[in-house]
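Working notes, structure below.
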Amino acid sequence: MIRTTRSLVIALILLSSVGCGLLRGVLGPPRPALERYRLAMPVTAPEDPVRRGALPGSLSVSPYVTRGIYDTRGIAFRVDDVRLDSYSSREWAIPLRDMLGEATESVLRVSPLTTEAATFDPRSPRSFEYQWRGTVIEFEEVNRGRQVLAAVHLEAELVRTANDSVLWTGAGRIERAVPSPTDSMPRIVETLSSLTAEVISQLVERARSAVMVPTAAAAPPPA
């Protein structure tokens with residue numbers, strides 16, 4: 001009886017091992033833990049919008065247009081300028097279109113285009129005098145051999161709401177190597193954050209140059 005019981009226990013153990021092996025074979029190796037990230041924008045003191053020759057009125061910032069792979073949560077990566085894909089276990093905590101809109105609002109808080117503060121994704125954008133609309137062209141980790149870089153390429157336009165006329169349109173792109181260790185996703189996100197701030201700041205300054213309102217100091221003296 002004891003021998004029979006031992007044989008039954010051994011058989012159950014073997015069957016359990018085989019079953020687990022078959023299950024792993026069907027399901028594949030365990031997936032890595034999900035990692036979520038968001039862009040981090042530098043915070044600095046606001047400037048005087050009147051001194052910078054800002055447009056009179058208010059400005060709404062729309063969520064950026066994201067198409068294809070940039071419209072998914074997975075963080076995009078490119079290999080040798082040929083393969084474009086996204087990570088399955090590394091994703092944005094909130095949609096990229098919203099993070100870029102919030103980033104633009106942060107830049108405009110420091111370097112305003114209008115006398116009233118810019119607002120991201122308001123309920124009634126048509127009630128604002130101007131609108132900022134952006135589009136993502138590139139936003140990814142770039143792998144070239146052993147070198148890891150980050151690339152940010154954005155397009156934007158400044159629109160007068162009343163007649164939906166485009167006052168200015170432009171694009172900006174920066175690609176930069178990721179500081180060592182380059183295989184660290186936090187470093188890659190940190191670099192993407194830095195490039196985002198630089199590209200949006202460049203676009204804002206170009207828009208300002210195109211539509212700048214003369215300040216009181218720059219106005220000609222009365223006759």
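Letters A, B, ... go to the chains of the structure tokens in the order shown; residues in each chain start at 1; ligands are counted from 1 in the same order.
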> Where in range 82-116 of chain A does DSSP assign strand (DSSP E), given as a PyMOL selection string?
Replying inline: chain A and resi 83-92
Residues at most 10 Å from Arg67 in chain A, counting only C-alpha atoms, excluding those fewer than 5 positions away in the same chain, as a PDB file with N, CA and C atoms, in the first residue's frame?
ATOM      1  N   THR A  72      -0.028  55.396 -30.683  1.00  0.00           N
ATOM      2  CA  THR A  72      -0.144  54.290 -29.745  1.00  0.00           C
ATOM      3  C   THR A  72       0.604  54.642 -28.460  1.00  0.00           C
ATOM      4  N   ARG A  97       0.124  62.898 -27.655  1.00  0.00           N
ATOM      5  CA  ARG A  97      -0.507  64.134 -28.139  1.00  0.00           C
ATOM      6  C   ARG A  97      -0.823  65.081 -26.986  1.00  0.00           C
ATOM      7  N   THR A 135       1.755  68.962 -34.908  1.00  0.00           N
ATOM      8  CA  THR A 135       1.732  67.621 -35.494  1.00  0.00           C
ATOM      9  C   THR A 135       3.080  66.937 -35.241  1.00  0.00           C
ATOM     10  N   VAL A 136       3.028  65.662 -34.893  1.00  0.00           N
ATOM     11  CA  VAL A 136       4.246  64.877 -34.683  1.00  0.00           C
ATOM     12  C   VAL A 136       4.697  64.258 -35.998  1.00  0.00           C
ATOM     13  N   ILE A 137       5.935  64.523 -36.377  1.00  0.00           N
ATOM     14  CA  ILE A 137       6.537  63.909 -37.559  1.00  0.00           C
ATOM     15  C   ILE A 137       7.473  62.773 -37.133  1.00  0.00           C
TER      16      ILE A 137
END
Do a neighbour search on Ser127 in chain A at 12 Å with only C-alpha atoms, toss out local chain neighbours closer than 6 positions, and write the hits as a PDB file with C-alpha atoms, in the first residue's frame.
ATOM      1  CA  GLY A  57      -5.839  88.185 -26.497  1.00  0.00           C
ATOM      2  CA  SER A  58      -5.802  84.512 -25.534  1.00  0.00           C
ATOM      3  CA  LEU A  59      -4.324  81.338 -27.036  1.00  0.00           C
ATOM      4  CA  SER A  60      -5.557  77.749 -26.860  1.00  0.00           C
ATOM      5  CA  THR A 119      -4.459  77.150 -22.105  1.00  0.00           C
ATOM      6  CA  ASP A 121      -7.128  71.769 -24.552  1.00  0.00           C
ATOM      7  CA  ARG A 160      -6.494  83.196 -35.853  1.00  0.00           C
ATOM      8  CA  THR A 161      -9.713  81.639 -34.610  1.00  0.00           C
ATOM      9  CA  ALA A 162     -12.191  84.182 -36.005  1.00  0.00           C
TER      10      ALA A 162
END
>> Could you list, as a list in words, every residue within 8 Å of Glu175 in chain A, counting only C-alpha atoms and ignoring same-chain residues fewer than 6 positions away?
In response: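 The contact residues come out as Leu149, Ala150, Ala151, Val152 and Leu195 of chain A.
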>> Please determine, counting only C-alpha atoms, which residue among A:Met185, A:Val178, A:Leu34, A:Leu55 has the shortest atom-to-atom distance to Thr114 in chain A.
In response: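 Selected residue with least distance to Thr114 in chain A: A:Leu55.
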>> Measuring between only C-alpha atoms, which one of A:Val166, A:Ala210, A:Ile200, A:Val142 shows the shortest distance to Val79 in chain A?
In response: A:Val142
> as a PyMOL selection string, which residues of range 13-201 of chain A does DSSP assign to helix (DSSP H, G or I)?
Replying inline: chain A and resi 13-27+68-71+96-110+125-127+185-201
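Minimum atom-to-atom distances from A:Ala103, A:Gln131, A:Val189, A:Leu113 to Glu205 in chain A were compared using only C-alpha atoms, and the lowest value belongs to A:Leu113.
Taking only C-alpha atoms into account, Glu157 in chain A lies nearest to A:Arg206 out of the set A:Arg83, A:Arg109, A:Arg206, A:Arg123.
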> With distances taken over only C-alpha atoms, which of A:Met41, A:Leu192, A:Val211, A:Ala54 is nearest to Glu105 in chain A?
Replying inline: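 Closest residue, counting only C-alpha atoms: A:Met41.
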> CA of Gly145 in chain A and CA of Trp92 in chain A are how many Å apart?
Replying inline: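 Computing the Euclidean distance for CA of Gly145 in chain A and CA of Trp92 in chain A yields 25.1 Å.
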>> Show me, as a ChimeraX atom specification, the residues that have an atom within 7 Å of Ala33 in chain A when counting only C-alpha atoms, minus same-chain residues fewer than 2 positions from it.
In response: /A:31,35,89
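Here the question is which of A:Pro186, A:Gly134, A:Gly101, A:Pro181 gets nearest to Ala118 in chain A using only C-alpha atoms, and that residue is A:Gly101.
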>> Show me, as a ChimeraX atom specification, the residues that have an atom within 8 Å of Ala156 in chain A when counting only C-alpha atoms, minus same-chain residues fewer than 2 positions from it.
In response: /A:132-135,154,158,169-171,203
>> As an exercise, work out the distance from CA of Ala93 in chain A to CA of Ser111 in chain A in Å and give it to one decimal place.
In response: 26.8 Å
> In Å to one decimal, how far is CA of Phe120 in chain A from CA of Arg78 in chain A?
Replying inline: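 These atoms are spaced 29.6 Å apart.
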